[in-house]
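Asks: To start, I am sharing the structure in question, which I have written as structure tokens.
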Amino acid sequence: MAKLEYDKTGRLLFTKEMKKEYTILLPMMAPIQFRLIQKVFEEFNYKTVLLDTEGPEIAQVGLKYVHNDTCYPALLVIGQFMHALQSGKYDVNKTALMITQTGGGCRASNYIHLLRKALRKAGFENVPVISLNMSGLEKNSGFSFTLPMIRRTIGALVYGDTLMLLSNQTKPYEVHKGESMALVDSWIENLSNQFRSGKGYTISEQKKNLDAISSSFSQIEMKKVSKIKVGIVGEIYVKYARLGNNNLEQFLADQGCEVFVPGIMGFALFKVDNRLEDIKLYGGSKVKFKIVKLLFDYLEKMETMMIESTAKYGFTPPGKYSHTKELVKGVIGYGNKMGEGWLLTAEMLELTETDYPNIVCTQPFGCLPNHICGKGMIRKIKNVDPRANIVAIDYDPGAPRVNQENRIKLMLAVAKENLNAQSDQKNVEKTNSKMQIKAKVKTTA
């Protein structure tokens with residue numbers, strides 16, 4: 001068994017010896033993207049398990065170790081970890097945990113410290129916690145987020161975002177139910193096999209794969225009918241995680257809606273762009289600026305490929321980051337970048353512009369950035385684009401699910417009225433057009 005090692009602050013380290021013996025537990029957020037990212041870790045010889053546990057017991061376990069005024073995503077992620085360790089499924093002497101650490105002003109930077117505190121309280125102080133970060137915040141000899149690994153993770157995000165987007169645009173209309181998600185599973189298996197062979201990461205390989213993915217979804221037999229189109233935005237965890245938003249996407253699907261969820265790539269571009277803005281505003285290393293700019297340009301290239309391949313086969317592509325950023329000029333400042341910052345406002349404007357004007361803004365209780373940039377900007381967004389029909393929903397351990405769903409249903413009732421009004425207007429225009437054609441024919445005769 002690997003010897004336990006600590007740094008000078010008393011932090012338990014994840015060592016090279018542990019990499020050989022330990023299983024790393026990963027929290028679930030975006031199912032499609034995270035399944036692919038897990039395959040990247042496996043390619044670099046890390047043994048991982050992606051936790052998919054759900055249910056009210058996760059929050060209850062979290063409440064034992066995290067104060068209920070703490071950020072709801074932290075409570076759920078830590079609750080999911082603790083629930084797994086207490087389940088008996090894993091050898092706690094050969095198990096490690098991994099969690100992201102942004103290093104920004106958001107409380108997410110402190111999740112890792114809350115997790116270690118919870119482990120000590122529960123008697124799991126021998127379980128190491130690995131920080132997944134690109135800021136050099138914590139280092140472990142047994143884990144390195146190297147450049148090749150970063151590149152492959154970006155590739156996994158691009159593929160994951162594309163699969164999420166295409167399945168959301170085909171699933172509500174598919175003639176053979178389940179075909180879209182079966183195709184998602186098939187592509188995850190296909191891409192995983194490519195990853196294991198060291199393929200699927202070059203520009204040419206990704207372009208080829210993205211075209212093939214979009215083409216395959218375009219061949220799904222669909223029956224296009226009029227549906228309410230709903231966008232989902234908000235704090236990144238509750239925006240994607242079924243555990244965090246009470247399976248919001250499925251609820252909307254059950255209400256007969258088509259759902260659009262902006263991808264993680266937009267958030268990644270936002271975070272990298274913030275580093276560039278900081279250097280521009282406050283000064284900094286020119287070398288660092290050039291390195292960060294290279295990463296930003298690479299992400300933009302990946303985004304462009306994703307947009308081109310989906311649009312080529314008739315799907316509504318994700319918005320281009322540069323355009324999304326332009327939408328908030330004069331609406332909210334670019335210095336507003338804690339959490340999801342101005343991007344949250346921009347995504348709502350973009351969704352409305354691209355014919356997804358009905359929006360659920362998901363926010364954890366007590367998340368100040370989301371209350372300001374999400375709920376706080378609704379009136380301003382409606383002034384800019386009156387089509388916007390937005391409802392802000394708080395998620396926390398004490399929020400009754402039925403109340404959340406009833407508020408969403410009220411938003412959908414307004415959406416249905418708007419959809420019927422649009423349909424009536426189109427019918428009137430169609431009738432008028434026919435009458436004009438008949439009048440011209442009579443005049444000619």
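Residue numbers start at 1 in each chain; chains themselves are named A, B, ... in the order of the structure tokens; ligands are numbered from 1 in the order shown.
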Which polymer residues have any atom within 12 Å of an atom of region 150-153 of chain A, counting only C-alpha atoms, with same-chain residues fewer than 4 positions away left out, as a PyMOL selection string?

Replies: chain A and resi 33-44+132-134+144-146+157-160+191-192+194-196+198-203+206+264-265+268+295+298-299+302

Asks: With a distance cut-off of 9 Å and only C-alpha atoms, select the neighbouring residues of region 80-94 of chain A, excluding the residue or stretch itself and same-chain residues fewer than 6 positions from it, and output the selection as a VMD selection string.

Replies: chain A and resid 1 to 2 18 21 to 28 51 to 54 57 to 59 61 to 62 65 115 118 to 119 122 124 126 to 127

Asks: Excluding Ile307 (chain A) and residues on its chain fewer than 3 positions from it, collect all residues at most 7 Å away from it, counting only C-alpha atoms, and give them as an mmCIF file with C-alpha atoms, in the first residue's frame.

Replies:
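Final output, result.cif:
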data_model
loop_
_atom_site.group_PDB
_atom_site.id
_atom_site.type_symbol
_atom_site.label_atom_id
_atom_site.label_comp_id
_atom_site.auth_asym_id
_atom_site.auth_seq_id
_atom_site.Cartn_x
_atom_site.Cartn_y
_atom_site.Cartn_z
ATOM 1 C CA GLU A 303 -15.744 26.291 -31.629
ATOM 2 C CA THR A 304 -15.760 27.311 -35.305
ATOM 3 C CA THR A 310 -23.763 21.407 -37.147
ATOM 4 C CA ALA A 311 -24.985 24.240 -39.403
ATOM 5 C CA PRO A 317 -25.508 25.804 -34.169
ATOM 6 C CA PRO A 318 -24.143 27.097 -30.873
#

Asks: Let me make sure I understand: among A:Lys325, A:His113, A:Lys337, A:Lys280, which one has the smallest atom-to-atom distance to Glu138 (chain A) if we use only C-alpha atoms?

Replies: A:His113

Asks: Out of region 162-372 of chain A, which residues get helix (DSSP H, G or I) from DSSP, as a PyMOL selection string?

Replies: chain A and resi 162-173+179-196+203-218+236-240+242-245+248-254+264-282+286-312+321-327+341-353+368-372

Asks: Show me a table, sorted first by chain and then by increasing residue number, of the residues of region 372-398 of chain A having an atom at most 12 Å from region 223-241 of chain A, each with its shortest atom pair and the distance in Å to one decimal, counting only C-alpha atoms and written as JSON lines.

Replies:
{"residue": "A:Ile372", "atom": "CA", "partner": "A:Gly234", "partner_atom": "CA", "distance": 11.3}
{"residue": "A:Cys373", "atom": "CA", "partner": "A:Gly234", "partner_atom": "CA", "distance": 9.2}
{"residue": "A:Gly374", "atom": "CA", "partner": "A:Gly234", "partner_atom": "CA", "distance": 7.0}
{"residue": "A:Lys375", "atom": "CA", "partner": "A:Gly234", "partner_atom": "CA", "distance": 9.5}
{"residue": "A:Ala388", "atom": "CA", "partner": "A:Gly231", "partner_atom": "CA", "distance": 10.6}
{"residue": "A:Asn389", "atom": "CA", "partner": "A:Val230", "partner_atom": "CA", "distance": 9.4}
{"residue": "A:Ile390", "atom": "CA", "partner": "A:Gly231", "partner_atom": "CA", "distance": 9.3}
{"residue": "A:Val391", "atom": "CA", "partner": "A:Ile232", "partner_atom": "CA", "distance": 10.1}
{"residue": "A:Ala392", "atom": "CA", "partner": "A:Gly234", "partner_atom": "CA", "distance": 8.8}
{"residue": "A:Ile393", "atom": "CA", "partner": "A:Gly234", "partner_atom": "CA", "distance": 9.3}
{"residue": "A:Asp394", "atom": "CA", "partner": "A:Val238", "partner_atom": "CA", "distance": 9.7}
{"residue": "A:Tyr395", "atom": "CA", "partner": "A:Val238", "partner_atom": "CA", "distance": 7.8}
{"residue": "A:Asp396", "atom": "CA", "partner": "A:Val238", "partner_atom": "CA", "distance": 10.1}

Asks: Take the residues just selected and output them with N, CA and C atoms as a short mmCIF file (atom, residue, chain, number, x, y, z; two decimals), in the first residue's frame.

Replies:
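New file out.cif:
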data_model
loop_
_atom_site.label_atom_id
_atom_site.label_comp_id
_atom_site.auth_asym_id
_atom_site.auth_seq_id
_atom_site.Cartn_x
_atom_site.Cartn_y
_atom_site.Cartn_z
N ILE A 372 -27.33 38.56 -9.57
CA ILE A 372 -27.09 39.86 -10.20
C ILE A 372 -27.13 39.75 -11.72
N CYS A 373 -26.36 38.81 -12.26
CA CYS A 373 -26.20 38.69 -13.72
C CYS A 373 -27.31 37.88 -14.37
N GLY A 374 -28.08 37.17 -13.57
CA GLY A 374 -29.19 36.39 -14.09
C GLY A 374 -30.52 37.06 -13.76
N LYS A 375 -31.02 36.80 -12.57
CA LYS A 375 -32.31 37.35 -12.15
C LYS A 375 -32.32 38.88 -12.20
N ALA A 388 -38.14 38.02 -24.95
CA ALA A 388 -37.60 37.21 -23.84
C ALA A 388 -38.69 36.90 -22.81
N ASN A 389 -38.82 35.61 -22.49
CA ASN A 389 -39.79 35.12 -21.51
C ASN A 389 -39.00 34.28 -20.51
N ILE A 390 -38.57 34.90 -19.41
CA ILE A 390 -37.58 34.30 -18.52
C ILE A 390 -38.16 34.06 -17.13
N VAL A 391 -37.84 32.89 -16.57
CA VAL A 391 -38.18 32.62 -15.18
C VAL A 391 -36.90 32.20 -14.45
N ALA A 392 -36.65 32.82 -13.30
CA ALA A 392 -35.47 32.47 -12.48
C ALA A 392 -35.92 31.50 -11.39
N ILE A 393 -35.23 30.37 -11.30
CA ILE A 393 -35.60 29.33 -10.34
C ILE A 393 -34.44 29.10 -9.37
N ASP A 394 -34.74 29.22 -8.07
CA ASP A 394 -33.74 28.95 -7.03
C ASP A 394 -33.72 27.45 -6.70
N TYR A 395 -32.51 26.91 -6.55
CA TYR A 395 -32.35 25.50 -6.16
C TYR A 395 -31.55 25.44 -4.87
N ASP A 396 -32.11 24.78 -3.87
CA ASP A 396 -31.43 24.57 -2.60
C ASP A 396 -32.13 23.43 -1.87
#

Asks: Using only C-alpha atoms, which of A:Lys312, A:Val261, A:Lys301, A:Asp273 sits nearest Ser214 (chain A)?

Replies: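 Smallest distance to Ser214 (chain A) is found for A:Lys312.
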
Asks: How many Å lie between CA of Met348 (chain A) and CA of Pro386 (chain A), rounded to one decimal?

Replies: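 Computing the Euclidean distance for CA of Met348 (chain A) and CA of Pro386 (chain A) yields 12.1 Å.
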
Asks: DSSP on the backbone: which residues in region 16-73 of chain A end up as strand (DSSP E)? Give the answer as a ChimeraX atom specification.

Replies: /A:23-26,47-50

Asks: Using only C-alpha atoms, which residues sit within 12 Å of Glu350 (chain A) once same-chain residues fewer than 3 positions away are excluded, as a PyMOL selection string?

Replies: chain A and resi 231-233+260-262+266+317-328+343-347+353-359+381+384-385+387-388

Asks: Let's have the selection written as a short mmCIF file (atom, residue, chain, number, x, y, z; two decimals), in the first residue's frame, with N, CA and C atoms.

Replies:
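Written output follows (selection02.cif):
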data_model
loop_
_atom_site.label_atom_id
_atom_site.label_comp_id
_atom_site.auth_asym_id
_atom_site.auth_seq_id
_atom_site.Cartn_x
_atom_site.Cartn_y
_atom_site.Cartn_z
N GLY A 231 -34.65 27.55 -23.50
CA GLY A 231 -33.22 27.55 -23.20
C GLY A 231 -32.98 27.43 -21.71
N ILE A 232 -31.87 26.79 -21.34
CA ILE A 232 -31.50 26.67 -19.92
C ILE A 232 -30.16 27.36 -19.71
N VAL A 233 -30.11 28.30 -18.77
CA VAL A 233 -28.88 28.98 -18.41
C VAL A 233 -28.74 28.95 -16.89
N PHE A 260 -32.66 23.80 -25.39
CA PHE A 260 -31.33 24.21 -25.86
C PHE A 260 -30.50 24.59 -24.63
N VAL A 261 -29.37 23.93 -24.45
CA VAL A 261 -28.46 24.24 -23.34
C VAL A 261 -27.12 24.69 -23.93
N PRO A 262 -26.71 25.95 -23.73
CA PRO A 262 -25.40 26.38 -24.23
C PRO A 262 -24.30 25.47 -23.71
N GLY A 266 -18.34 27.48 -24.43
CA GLY A 266 -18.55 28.92 -24.26
C GLY A 266 -18.04 29.40 -22.92
N PRO A 317 -26.83 25.96 -34.79
CA PRO A 317 -25.51 25.80 -34.17
C PRO A 317 -25.39 26.59 -32.87
N PRO A 318 -24.39 26.27 -32.06
CA PRO A 318 -24.14 27.10 -30.87
C PRO A 318 -23.69 28.49 -31.31
N GLY A 319 -23.94 29.48 -30.48
CA GLY A 319 -23.54 30.84 -30.82
C GLY A 319 -22.03 31.00 -30.80
N LYS A 320 -21.52 31.85 -31.64
CA LYS A 320 -20.09 32.14 -31.65
C LYS A 320 -19.77 33.03 -30.46
N TYR A 321 -18.72 32.69 -29.72
CA TYR A 321 -18.39 33.43 -28.50
C TYR A 321 -18.22 34.92 -28.76
N SER A 322 -17.54 35.28 -29.82
CA SER A 322 -17.29 36.70 -30.11
C SER A 322 -18.60 37.45 -30.32
N HIS A 323 -19.59 36.80 -30.95
CA HIS A 323 -20.89 37.43 -31.15
C HIS A 323 -21.65 37.52 -29.83
N THR A 324 -21.59 36.44 -29.04
CA THR A 324 -22.25 36.44 -27.73
C THR A 324 -21.73 37.59 -26.88
N LYS A 325 -20.44 37.81 -26.93
CA LYS A 325 -19.82 38.89 -26.16
C LYS A 325 -20.30 40.26 -26.62
N GLU A 326 -20.46 40.41 -27.92
CA GLU A 326 -20.93 41.69 -28.48
C GLU A 326 -22.35 42.03 -28.01
N LEU A 327 -23.17 41.01 -27.78
CA LEU A 327 -24.57 41.23 -27.43
C LEU A 327 -24.76 42.03 -26.15
N VAL A 328 -23.78 41.95 -25.23
CA VAL A 328 -23.96 42.61 -23.93
C VAL A 328 -23.29 43.99 -23.86
N LEU A 343 -21.43 36.56 -19.00
CA LEU A 343 -21.78 35.49 -19.95
C LEU A 343 -23.20 35.01 -19.72
N LEU A 344 -23.66 35.00 -18.49
CA LEU A 344 -25.01 34.55 -18.17
C LEU A 344 -26.04 35.47 -18.84
N THR A 345 -25.83 36.77 -18.73
CA THR A 345 -26.71 37.73 -19.40
C THR A 345 -26.64 37.55 -20.91
N ALA A 346 -25.43 37.40 -21.42
CA ALA A 346 -25.22 37.27 -22.87
C ALA A 346 -25.91 36.02 -23.42
N GLU A 347 -25.86 34.90 -22.68
CA GLU A 347 -26.48 33.66 -23.17
C GLU A 347 -27.99 33.82 -23.27
N GLU A 353 -32.37 35.64 -29.32
CA GLU A 353 -32.06 35.99 -30.70
C GLU A 353 -32.18 34.79 -31.63
N THR A 354 -31.83 33.61 -31.14
CA THR A 354 -31.83 32.39 -31.97
C THR A 354 -33.12 31.57 -31.83
N ASP A 355 -34.21 32.26 -31.45
CA ASP A 355 -35.54 31.64 -31.41
C ASP A 355 -35.73 30.65 -30.27
N TYR A 356 -35.01 30.85 -29.16
CA TYR A 356 -35.27 30.12 -27.92
C TYR A 356 -35.55 31.17 -26.83
N PRO A 357 -36.67 31.92 -26.98
CA PRO A 357 -36.91 33.07 -26.09
C PRO A 357 -37.42 32.70 -24.70
N ASN A 358 -37.86 31.45 -24.55
CA ASN A 358 -38.37 30.99 -23.25
C ASN A 358 -37.21 30.38 -22.47
N ILE A 359 -36.88 30.98 -21.34
CA ILE A 359 -35.62 30.64 -20.67
C ILE A 359 -35.84 30.34 -19.19
N ILE A 381 -32.89 42.77 -20.04
CA ILE A 381 -32.92 41.91 -21.23
C ILE A 381 -34.24 42.09 -21.98
N VAL A 384 -34.21 45.15 -23.99
CA VAL A 384 -33.41 44.99 -25.21
C VAL A 384 -34.16 44.15 -26.23
N ASP A 385 -34.77 43.05 -25.77
CA ASP A 385 -35.50 42.15 -26.67
C ASP A 385 -36.80 41.71 -25.98
N ARG A 387 -39.11 39.85 -26.73
CA ARG A 387 -39.53 38.45 -26.90
C ARG A 387 -39.11 37.58 -25.72
N ALA A 388 -38.14 38.02 -24.95
CA ALA A 388 -37.60 37.21 -23.84
C ALA A 388 -38.69 36.90 -22.81
#

Asks: Rounded to one decimal in Å, what is the spacing between CA of Ala421 (chain A) and CA of Gly256 (chain A)?

Replies: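 Going from CA of Ala421 (chain A) over to CA of Gly256 (chain A) covers 18.0 Å.
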